[in-house]
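A.B. asks: mmCIF, C-alpha atoms and all ligand atoms, file run_11.cif:
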data_coords
loop_
_atom_site.label_atom_id
_atom_site.label_comp_id
_atom_site.auth_asym_id
_atom_site.auth_seq_id
_atom_site.Cartn_x
_atom_site.Cartn_y
_atom_site.Cartn_z
CA MET A 1 -14.06 4.41 -3.73
CA LEU A 2 -12.50 1.87 -1.37
CA LEU A 3 -9.99 2.98 1.27
CA GLY A 4 -7.15 0.57 1.98
CA VAL A 5 -5.21 1.58 5.08
CA ASN A 6 -1.52 0.68 5.14
CA ILE A 7 -0.46 0.05 8.75
CA ASP A 8 3.25 -0.68 8.11
CA HIS A 9 4.38 2.25 10.22
CA THR A 10 2.57 1.07 13.33
CA ALA A 11 4.99 -1.87 13.06
CA THR A 12 7.90 0.53 12.39
CA LEU A 13 7.20 2.02 15.82
CA ARG A 14 7.12 -1.44 17.41
CA GLU A 15 10.38 -2.45 15.75
CA ALA A 16 12.11 0.77 16.90
CA ARG A 17 12.24 -0.90 20.35
CA GLU A 18 11.88 -4.53 19.22
CA SER A 19 8.87 -4.59 21.56
CA ASP A 20 5.29 -5.79 21.21
CA VAL A 21 3.56 -2.40 21.19
CA PRO A 22 1.67 -1.00 19.45
CA ASP A 23 -0.19 -4.26 18.87
CA ILE A 24 -0.63 -4.50 15.10
CA MET A 25 -3.91 -6.42 15.25
CA THR A 26 -5.40 -3.76 17.56
CA CYS A 27 -4.30 -1.04 15.11
CA ALA A 28 -5.93 -2.98 12.26
CA VAL A 29 -9.18 -3.50 14.17
CA LEU A 30 -9.36 0.21 15.04
CA ALA A 31 -8.65 1.10 11.39
CA GLN A 32 -11.59 -1.15 10.44
CA LEU A 33 -13.76 0.66 12.98
CA GLY A 34 -12.65 3.97 11.45
CA GLY A 35 -13.96 2.83 8.07
CA ALA A 36 -11.06 1.07 6.35
CA ASP A 37 -12.33 -1.15 3.53
CA GLY A 38 -9.10 -3.10 3.62
CA ILE A 39 -5.83 -3.38 5.50
CA THR A 40 -2.55 -3.23 3.59
CA VAL A 41 0.90 -4.28 4.78
CA HIS A 42 4.25 -4.67 3.03
CA LEU A 43 6.20 -7.82 3.86
CA ARG A 44 9.68 -6.57 3.00
CA GLN A 45 12.68 -8.83 2.51
CA ASP A 46 14.47 -7.07 5.40
CA ARG A 47 11.35 -7.43 7.66
CA ARG A 48 11.94 -3.86 8.84
CA HIS A 49 8.33 -3.53 10.03
CA ILE A 50 5.78 -6.22 9.21
CA ASN A 51 6.73 -9.89 9.68
CA GLU A 52 5.20 -13.28 8.96
CA SER A 53 3.45 -13.51 12.36
CA ASP A 54 1.67 -10.20 11.65
CA ILE A 55 0.42 -11.52 8.32
CA ILE A 56 -0.85 -14.74 9.90
CA ALA A 57 -2.66 -12.80 12.66
CA LEU A 58 -4.16 -10.26 10.25
CA LYS A 59 -5.38 -12.95 7.86
CA ALA A 60 -7.07 -14.79 10.72
CA GLY A 61 -8.54 -11.77 12.51
CA LEU A 62 -9.66 -9.21 9.96
CA ARG A 63 -13.18 -8.90 8.64
CA VAL A 64 -12.07 -6.71 5.72
CA PRO A 65 -9.75 -7.93 2.93
CA LEU A 66 -6.01 -8.13 3.59
CA ASN A 67 -3.75 -6.72 0.87
CA VAL A 68 -0.06 -7.63 1.07
CA GLU A 69 2.63 -5.80 -0.88
CA ILE A 70 5.54 -8.04 -1.83
CA SER A 71 8.44 -8.35 -4.26
CA THR A 72 8.95 -11.43 -6.44
CA ASN A 73 11.27 -12.97 -3.81
CA LYS A 74 10.59 -16.71 -4.06
CA GLU A 75 10.52 -17.46 -0.32
CA ILE A 76 8.03 -14.62 0.30
CA VAL A 77 5.85 -15.58 -2.67
CA LYS A 78 5.73 -19.16 -1.31
CA PHE A 79 4.72 -17.94 2.15
CA ILE A 80 2.05 -15.60 0.80
CA SER A 81 0.67 -18.31 -1.53
CA ALA A 82 0.12 -20.48 1.54
CA ILE A 83 -1.52 -17.71 3.60
CA LYS A 84 -3.75 -16.60 0.71
CA PRO A 85 -4.58 -12.97 1.56
CA GLU A 86 -7.44 -11.62 -0.54
CA LYS A 87 -5.10 -9.30 -2.46
CA VAL A 88 -1.43 -8.94 -3.31
CA CYS A 89 0.27 -5.93 -4.85
CA LEU A 90 3.63 -6.69 -6.47
CA VAL A 91 6.14 -3.88 -5.98
CA PRO A 92 9.80 -3.29 -6.78
CA GLU A 93 12.01 -3.43 -3.70
CA SER A 94 15.57 -2.35 -3.06
CA PRO A 95 17.34 -2.80 0.29
CA ASN A 96 18.33 0.81 1.01
CA GLU A 97 15.13 2.59 -0.01
CA LEU A 98 13.12 4.48 2.63
CA THR A 99 9.91 3.44 0.89
CA THR A 100 8.92 2.01 -2.51
CA GLU A 101 10.72 4.27 -4.95
CA GLY A 102 8.64 3.93 -8.10
CA GLY A 103 6.57 1.52 -10.12
CA LEU A 104 7.70 -1.79 -11.57
CA ASN A 105 9.70 -1.50 -14.78
CA LEU A 106 7.76 -4.00 -16.87
CA PHE A 107 9.75 -2.97 -19.96
CA SER A 108 12.71 -4.87 -18.48
CA LYS A 109 12.58 -8.46 -19.74
CA PRO A 110 13.80 -10.13 -16.51
CA VAL A 111 11.36 -8.03 -14.42
CA PHE A 112 8.45 -8.82 -16.76
CA THR A 113 9.26 -12.55 -16.74
CA ALA A 114 9.48 -12.68 -12.93
CA ILE A 115 6.27 -10.68 -12.52
CA LYS A 116 4.33 -12.77 -15.05
CA SER A 117 5.24 -16.05 -13.36
CA THR A 118 4.52 -14.62 -9.86
CA VAL A 119 1.12 -13.33 -11.03
CA LYS A 120 0.34 -16.84 -12.29
CA ILE A 121 1.35 -18.52 -9.00
CA LEU A 122 -0.72 -16.10 -6.89
CA LYS A 123 -3.79 -16.09 -9.16
CA LYS A 124 -3.84 -19.90 -9.03
CA LYS A 125 -4.45 -19.52 -5.27
CA GLY A 126 -7.44 -17.25 -5.90
CA ILE A 127 -5.57 -14.08 -4.88
CA GLU A 128 -6.39 -10.80 -6.68
CA VAL A 129 -3.07 -9.52 -8.00
CA ALA A 130 -2.20 -5.87 -8.64
CA LEU A 131 1.00 -4.42 -10.09
CA PHE A 132 2.36 -1.12 -8.77
CA ILE A 133 3.25 0.95 -11.84
CA GLU A 134 3.66 4.49 -13.08
CA PRO A 135 0.61 6.10 -14.75
CA ASP A 136 1.70 5.29 -18.32
CA LYS A 137 -0.40 3.66 -21.06
CA LYS A 138 2.40 1.45 -22.42
CA MET A 139 3.17 0.24 -18.90
CA ILE A 140 -0.53 -0.56 -18.42
CA ASP A 141 -0.44 -2.63 -21.63
CA LYS A 142 2.47 -4.57 -20.14
CA ALA A 143 0.59 -5.11 -16.85
CA VAL A 144 -2.34 -6.54 -18.81
CA LEU A 145 0.04 -8.82 -20.73
CA ALA A 146 1.49 -10.02 -17.41
CA GLY A 147 -2.02 -11.20 -16.46
CA ALA A 148 -2.66 -8.81 -13.55
CA ASP A 149 -6.20 -8.30 -12.23
CA ALA A 150 -5.44 -4.74 -11.17
CA ILE A 151 -2.86 -1.99 -11.30
CA GLU A 152 -1.97 0.41 -8.56
CA LEU A 153 -1.02 3.75 -10.07
CA ASN A 154 1.87 5.47 -8.32
CA THR A 155 0.67 8.86 -7.06
CA ASN A 156 4.03 9.82 -5.54
CA ALA A 157 4.99 12.32 -8.26
CA TYR A 158 1.53 13.93 -7.90
CA SER A 159 2.01 14.15 -4.11
CA GLU A 160 5.37 15.90 -4.52
CA CYS A 161 4.14 18.64 -6.86
CA MET A 162 4.57 22.17 -5.55
CA THR A 163 2.61 24.35 -7.99
CA VAL A 164 -0.97 24.20 -9.24
CA ALA A 165 0.30 23.75 -12.81
CA GLU A 166 2.46 20.78 -11.75
CA ILE A 167 -0.38 19.26 -9.74
CA ASP A 168 -2.80 19.59 -12.67
CA LYS A 169 -0.28 18.00 -15.05
CA GLU A 170 0.34 15.00 -12.78
CA PHE A 171 -3.36 14.68 -11.98
CA ASP A 172 -4.19 14.57 -15.72
CA ARG A 173 -1.56 11.85 -16.20
CA ILE A 174 -3.14 9.73 -13.46
CA GLU A 175 -6.69 10.34 -14.69
CA GLU A 176 -5.78 9.50 -18.28
CA ALA A 177 -3.99 6.32 -17.21
CA ALA A 178 -6.86 5.27 -14.94
CA ASN A 179 -9.45 5.81 -17.67
CA TYR A 180 -7.33 3.97 -20.24
CA GLY A 181 -6.75 1.00 -17.93
CA SER A 182 -10.33 0.74 -16.80
CA LEU A 183 -12.33 1.65 -19.93
CA LYS A 184 -10.03 0.37 -22.69
CA LYS A 185 -8.28 -2.54 -20.96
CA GLY A 186 -10.84 -3.65 -18.39
CA ILE A 187 -8.38 -3.80 -15.54
CA LEU A 188 -9.11 -2.70 -11.94
CA ILE A 189 -7.49 0.59 -10.96
CA ASN A 190 -6.02 1.31 -7.54
CA ALA A 191 -3.90 4.33 -6.66
CA GLY A 192 -1.55 5.23 -3.86
CA HIS A 193 1.71 6.49 -2.43
CA GLY A 194 2.17 9.88 -0.82
CA LEU A 195 -1.56 10.58 -0.51
CA ASN A 196 -2.53 12.69 2.49
CA TYR A 197 -5.28 14.84 4.01
CA ASP A 198 -4.48 17.74 1.66
CA ASN A 199 -4.06 16.01 -1.69
CA VAL A 200 -6.50 13.08 -1.63
CA GLU A 201 -9.66 14.96 -2.63
CA GLN A 202 -8.65 15.57 -6.24
CA ILE A 203 -7.82 11.88 -6.72
CA THR A 204 -11.33 10.93 -5.55
CA TYR A 205 -12.73 12.80 -8.60
CA ILE A 206 -11.42 9.99 -10.83
CA ASP A 207 -14.41 7.67 -11.24
CA THR A 208 -12.36 4.81 -12.68
CA VAL A 209 -10.17 4.50 -9.56
CA THR A 210 -11.77 1.89 -7.33
CA GLU A 211 -9.34 1.78 -4.42
CA LEU A 212 -6.82 4.04 -2.66
CA ASN A 213 -3.99 2.78 -0.47
CA ILE A 214 -2.85 5.28 2.14
CA GLY A 215 -0.40 4.67 4.96
CA HIS A 216 2.16 7.12 6.29
CA SER A 217 -0.11 10.17 6.49
CA ILE A 218 -2.79 8.25 8.40
CA VAL A 219 -0.36 6.76 10.93
CA ALA A 220 1.28 10.21 11.39
CA HIS A 221 -2.17 11.80 11.88
CA SER A 222 -3.06 9.17 14.47
CA VAL A 223 -0.05 10.22 16.58
CA ILE A 224 -1.10 13.87 16.45
CA PHE A 225 -4.69 13.12 17.41
CA GLY A 226 -3.84 10.47 19.99
CA ILE A 227 -0.93 12.00 21.87
CA GLU A 228 -2.96 14.36 24.07
CA ALA A 229 -5.13 11.56 25.49
CA ALA A 230 -2.09 9.29 25.89
CA VAL A 231 -0.18 11.90 27.91
CA ARG A 232 -3.26 12.72 29.99
CA GLU A 233 -3.62 9.05 30.98
CA MET A 234 0.06 8.88 32.03
CA ARG A 235 -0.28 12.26 33.87
CA GLU A 236 -3.16 10.78 35.91
CA LEU A 237 -1.06 7.74 36.87
CA VAL A 238 1.92 9.90 37.85
CA ASP A 239 -0.33 12.19 39.94
CA LYS A 240 -2.38 9.43 41.59
CA TYR A 241 -0.47 9.12 44.88
N1 LIG B 301 1.09 1.76 -2.40
C1 LIG B 301 2.29 1.14 -2.44
C2 LIG B 301 2.54 0.19 -3.55
C3 LIG B 301 3.25 1.34 -1.44
O1 LIG B 301 4.43 0.71 -1.51
C4 LIG B 301 2.94 2.21 -0.38
C5 LIG B 301 3.93 2.41 0.72
O2 LIG B 301 4.11 1.22 1.43
C6 LIG B 301 1.68 2.84 -0.36
C7 LIG B 301 0.80 2.61 -1.40
C8 LIG B 301 1.28 3.77 0.73
O3 LIG B 301 2.06 4.92 0.61
P1 LIG B 301 2.04 6.00 1.79
O4 LIG B 301 2.59 5.35 3.00
O5 LIG B 301 2.90 7.10 1.25
O6 LIG B 301 0.61 6.42 1.96
#
Show me this structure written as structure tokens.
C.D. replies:
Amino acid sequence: MLLGVNIDHTATLREARESDVPDIMTCAVLAQLGGADGITVHLRQDRRHINESDIIALKAGLRVPLNVEISTNKEIVKFISAIKPEKVCLVPESPNELTTEGGLNLFSKPVFTAIKSTVKILKKKGIEVALFIEPDKKMIDKAVLAGADAIELNTNAYSECMTVAEIDKEFDRIEEAANYGSLKKGILINAGHGLNYDNVEQITYIDTVTELNIGHSIVAHSVIFGIEAAVREMRELVDKY
């Protein structure tokens, strides 16, 4: 199973001070060293974390595939078509959301039409295109009709379950959707959103999922495991004279 590491929140930290640290390329290179099979970033319309310069640098400097999450915004689609990352995941986007709030509603005619034409534009450039959707068979049928190469199943509901019964129910929904998409429809299956160090294991049991995309929990974990060394280095400088 491939591990895509979403580094958006390293850029959130940078933007909190409109500074140039942490350096996004350095974060991506270290994620590669840690075993990331791919680097994922979301180029949002409000540019709240990742921006165009980050995408250009990542595309030029990475040795693993770059996956960019975008909406169907025309200006962004044009930019991404020119940069040609290896992968794009189309997601719904609304201005006030904290993070992507759910999968694409491909049952809506305007959404389906916009997605289908965006998939066509991106695929023409040789980009592998995924659609972020809920684990639902009818939605998978729509994703296939839209011409997507892959779907990314939203694991957020699974990640928010509190009881074993709830977890099992959501897990079964994801597994069933993954098997349907892969075995019956021949589409690539990715999964992500809300996955962390406690809940990822069960998802790895699903053989038909080929790629996970995990962001917030990894960046948060990196702060916990890095803060002691960072303070020690500053302590040494403060104590030097
Ligand atoms: N997949 C998609 C489509 C997303 O929008 C996000 C969040 O940017 C992720 C995966 C990663 O989610 P998380 O940060 O909760 O791991």
A.B. asks: Return as a VMD selection string every polymer residue, whether protein, DNA or RNA, with at least one atom no more than 10 Å from an atom of ligand LIG 301 (chain B); count all atoms listed in the file.
C.D. replies: chain A and resid 4 to 9 40 to 44 68 to 70 88 to 93 98 to 104 130 to 133 151 to 156 159 190 to 196 212 to 220
A.B. asks: Which residue out of A:Lys125, A:Lys120, A:Lys138, A:His49 has the minimum interatomic distance to A:Ala16 when only C-alpha atoms are used?
C.D. replies: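 Using only C-alpha atoms, A:Ala16 sits closest to A:His49.
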A.B. asks: Between atom CA of A:Ala157 and atom CA of A:Phe171, what is the spacing in Å?
C.D. replies: 9.4 Å
A.B. asks: Please report the interatomic distance between atom CA of A:Phe112 and atom CA of A:Lys184 in Å with one decimal.
C.D. replies: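 About the pair atom CA of A:Phe112 and atom CA of A:Lys184: they are 21.5 Å apart.
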A.B. asks: Quick one: of A:Ala143, A:Ser108, A:Gly38, A:Arg48, who's nearest to A:Pro85, counting all atoms listed in the file?
C.D. replies: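 Closest residue, counting all atoms listed in the file: A:Gly38.
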A.B. asks: Rounded to one decimal place, report the atom CA of A:Leu3-atom CA of A:Asn73 distance in Å.
C.D. replies: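 Between atom CA of A:Leu3 and atom CA of A:Asn73 the gap is 27.1 Å.
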A.B. asks: Counting all atoms listed in the file, figure out which residue out of A:Ile227, A:Ala148, A:Leu106, A:Val164 gets nearest to A:Ile187.
C.D. replies: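 Of A:Ile227, A:Ala148, A:Leu106, A:Val164, the one nearest A:Ile187, counting all atoms listed in the file, is A:Ala148.
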A.B. asks: Please provide the set of residues having any atom within 12 Å of stretch 51-61 of chain A, restricted to all atoms listed in the file, with same-chain residues fewer than 3 positions apart removed, written as a ChimeraX atom specification.
C.D. replies: /A:7-8,10-12,14-15,20,23-29,32,38-48,64-70,75-87
A.B. asks: Just checking: using only C-alpha atoms, which residue out of A:Ile203, A:Leu2, A:Ile121, A:Leu188 ends up closest to A:Ile140?
C.D. replies: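 Closest candidate: A:Leu188.
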A.B. asks: For A:Gly181, which residue among A:Ile224, A:Val144, A:Val238, A:Leu30 is the nearest when counting all atoms listed in the file?
C.D. replies: A:Val144
A.B. asks: Please complete stretch 160-171 of chain A so it has all heavy atoms, and hand it over as a PDB file, in the coordinates of the input.
C.D. replies:
ATOM      1  N   GLU A 160       4.193  15.040  -4.729  1.00  0.00           N
ATOM      2  CA  GLU A 160       5.370  15.900  -4.520  1.00  0.00           C
ATOM      3  C   GLU A 160       5.313  17.207  -5.296  1.00  0.00           C
ATOM      4  O   GLU A 160       6.211  18.039  -5.191  1.00  0.00           O
ATOM      5  CB  GLU A 160       6.646  15.125  -4.866  1.00  0.00           C
ATOM      6  CG  GLU A 160       6.946  14.067  -3.811  1.00  0.00           C
ATOM      7  CD  GLU A 160       8.221  13.305  -4.063  1.00  0.00           C
ATOM      8  OE1 GLU A 160       8.740  13.345  -5.199  1.00  0.00           O
ATOM      9  OE2 GLU A 160       8.691  12.657  -3.113  1.00  0.00           O
ATOM     10  N   CYS A 161       4.251  17.407  -6.070  1.00  0.00           N
ATOM     11  CA  CYS A 161       4.140  18.640  -6.860  1.00  0.00           C
ATOM     12  C   CYS A 161       3.975  19.850  -5.956  1.00  0.00           C
ATOM     13  O   CYS A 161       3.295  19.788  -4.935  1.00  0.00           O
ATOM     14  CB  CYS A 161       2.923  18.565  -7.791  1.00  0.00           C
ATOM     15  SG  CYS A 161       3.158  17.390  -9.114  1.00  0.00           S
ATOM     16  N   MET A 162       4.593  20.964  -6.374  1.00  0.00           N
ATOM     17  CA  MET A 162       4.570  22.170  -5.550  1.00  0.00           C
ATOM     18  C   MET A 162       3.627  23.246  -6.103  1.00  0.00           C
ATOM     19  O   MET A 162       3.117  24.066  -5.356  1.00  0.00           O
ATOM     20  CB  MET A 162       5.988  22.770  -5.448  1.00  0.00           C
ATOM     21  CG  MET A 162       7.014  21.834  -4.848  1.00  0.00           C
ATOM     22  SD  MET A 162       6.624  21.338  -3.168  1.00  0.00           S
ATOM     23  CE  MET A 162       7.134  22.799  -2.284  1.00  0.00           C
ATOM     24  N   THR A 163       3.440  23.286  -7.422  1.00  0.00           N
ATOM     25  CA  THR A 163       2.610  24.350  -7.990  1.00  0.00           C
ATOM     26  C   THR A 163       1.317  23.771  -8.542  1.00  0.00           C
ATOM     27  O   THR A 163       1.237  22.576  -8.830  1.00  0.00           O
ATOM     28  CB  THR A 163       3.347  25.056  -9.153  1.00  0.00           C
ATOM     29  OG1 THR A 163       3.499  24.099 -10.216  1.00  0.00           O
ATOM     30  CG2 THR A 163       4.710  25.574  -8.730  1.00  0.00           C
ATOM     31  N   VAL A 164       0.333  24.647  -8.711  1.00  0.00           N
ATOM     32  CA  VAL A 164      -0.970  24.200  -9.240  1.00  0.00           C
ATOM     33  C   VAL A 164      -0.786  23.602 -10.637  1.00  0.00           C
ATOM     34  O   VAL A 164      -1.383  22.569 -10.970  1.00  0.00           O
ATOM     35  CB  VAL A 164      -1.970  25.383  -9.267  1.00  0.00           C
ATOM     36  CG1 VAL A 164      -3.266  24.992  -9.970  1.00  0.00           C
ATOM     37  CG2 VAL A 164      -2.260  25.857  -7.849  1.00  0.00           C
ATOM     38  N   ALA A 165       0.071  24.244 -11.444  1.00  0.00           N
ATOM     39  CA  ALA A 165       0.300  23.750 -12.810  1.00  0.00           C
ATOM     40  C   ALA A 165       0.889  22.336 -12.774  1.00  0.00           C
ATOM     41  O   ALA A 165       0.460  21.454 -13.529  1.00  0.00           O
ATOM     42  CB  ALA A 165       1.241  24.699 -13.556  1.00  0.00           C
ATOM     43  N   GLU A 166       1.842  22.122 -11.870  1.00  0.00           N
ATOM     44  CA  GLU A 166       2.460  20.780 -11.750  1.00  0.00           C
ATOM     45  C   GLU A 166       1.417  19.758 -11.273  1.00  0.00           C
ATOM     46  O   GLU A 166       1.342  18.647 -11.777  1.00  0.00           O
ATOM     47  CB  GLU A 166       3.585  20.826 -10.713  1.00  0.00           C
ATOM     48  CG  GLU A 166       4.905  21.368 -11.222  1.00  0.00           C
ATOM     49  CD  GLU A 166       5.930  21.526 -10.088  1.00  0.00           C
ATOM     50  OE1 GLU A 166       5.667  21.067  -8.942  1.00  0.00           O
ATOM     51  OE2 GLU A 166       6.957  22.129 -10.342  1.00  0.00           O
ATOM     52  N   ILE A 167       0.638  20.165 -10.284  1.00  0.00           N
ATOM     53  CA  ILE A 167      -0.380  19.260  -9.740  1.00  0.00           C
ATOM     54  C   ILE A 167      -1.368  18.862 -10.844  1.00  0.00           C
ATOM     55  O   ILE A 167      -1.677  17.678 -11.023  1.00  0.00           O
ATOM     56  CB  ILE A 167      -1.142  19.909  -8.556  1.00  0.00           C
ATOM     57  CG1 ILE A 167      -0.198  20.118  -7.366  1.00  0.00           C
ATOM     58  CG2 ILE A 167      -2.360  19.084  -8.143  1.00  0.00           C
ATOM     59  CD1 ILE A 167      -0.762  20.984  -6.249  1.00  0.00           C
ATOM     60  N   ASP A 168      -1.826  19.860 -11.610  1.00  0.00           N
ATOM     61  CA  ASP A 168      -2.800  19.590 -12.670  1.00  0.00           C
ATOM     62  C   ASP A 168      -2.220  18.638 -13.720  1.00  0.00           C
ATOM     63  O   ASP A 168      -2.899  17.733 -14.189  1.00  0.00           O
ATOM     64  CB  ASP A 168      -3.249  20.897 -13.335  1.00  0.00           C
ATOM     65  CG  ASP A 168      -4.201  21.675 -12.414  1.00  0.00           C
ATOM     66  OD1 ASP A 168      -4.655  21.078 -11.407  1.00  0.00           O
ATOM     67  OD2 ASP A 168      -4.457  22.860 -12.687  1.00  0.00           O
ATOM     68  N   LYS A 169      -0.937  18.837 -14.035  1.00  0.00           N
ATOM     69  CA  LYS A 169      -0.280  18.000 -15.050  1.00  0.00           C
ATOM     70  C   LYS A 169      -0.202  16.543 -14.566  1.00  0.00           C
ATOM     71  O   LYS A 169      -0.545  15.599 -15.287  1.00  0.00           O
ATOM     72  CB  LYS A 169       1.117  18.553 -15.327  1.00  0.00           C
ATOM     73  CG  LYS A 169       1.769  17.963 -16.529  1.00  0.00           C
ATOM     74  CD  LYS A 169       3.034  18.733 -16.912  1.00  0.00           C
ATOM     75  CE  LYS A 169       3.920  17.828 -17.739  1.00  0.00           C
ATOM     76  NZ  LYS A 169       5.314  17.833 -17.338  1.00  0.00           N
ATOM     77  N   GLU A 170       0.214  16.358 -13.321  1.00  0.00           N
ATOM     78  CA  GLU A 170       0.340  15.000 -12.780  1.00  0.00           C
ATOM     79  C   GLU A 170      -1.037  14.364 -12.587  1.00  0.00           C
ATOM     80  O   GLU A 170      -1.208  13.173 -12.817  1.00  0.00           O
ATOM     81  CB  GLU A 170       1.095  15.017 -11.439  1.00  0.00           C
ATOM     82  CG  GLU A 170       2.594  14.970 -11.571  1.00  0.00           C
ATOM     83  CD  GLU A 170       3.113  13.787 -12.396  1.00  0.00           C
ATOM     84  OE1 GLU A 170       2.610  12.649 -12.231  1.00  0.00           O
ATOM     85  OE2 GLU A 170       4.021  13.996 -13.209  1.00  0.00           O
ATOM     86  N   PHE A 171      -1.999  15.197 -12.150  1.00  0.00           N
ATOM     87  CA  PHE A 171      -3.360  14.680 -11.980  1.00  0.00           C
ATOM     88  C   PHE A 171      -3.892  14.171 -13.325  1.00  0.00           C
ATOM     89  O   PHE A 171      -4.448  13.070 -13.404  1.00  0.00           O
ATOM     90  CB  PHE A 171      -4.290  15.768 -11.416  1.00  0.00           C
ATOM     91  CG  PHE A 171      -5.723  15.321 -11.362  1.00  0.00           C
ATOM     92  CD1 PHE A 171      -6.179  14.500 -10.339  1.00  0.00           C
ATOM     93  CD2 PHE A 171      -6.617  15.689 -12.366  1.00  0.00           C
ATOM     94  CE1 PHE A 171      -7.494  14.045 -10.315  1.00  0.00           C
ATOM     95  CE2 PHE A 171      -7.938  15.236 -12.337  1.00  0.00           C
ATOM     96  CZ  PHE A 171      -8.375  14.422 -11.315  1.00  0.00           C
TER      97      PHE A 171
END
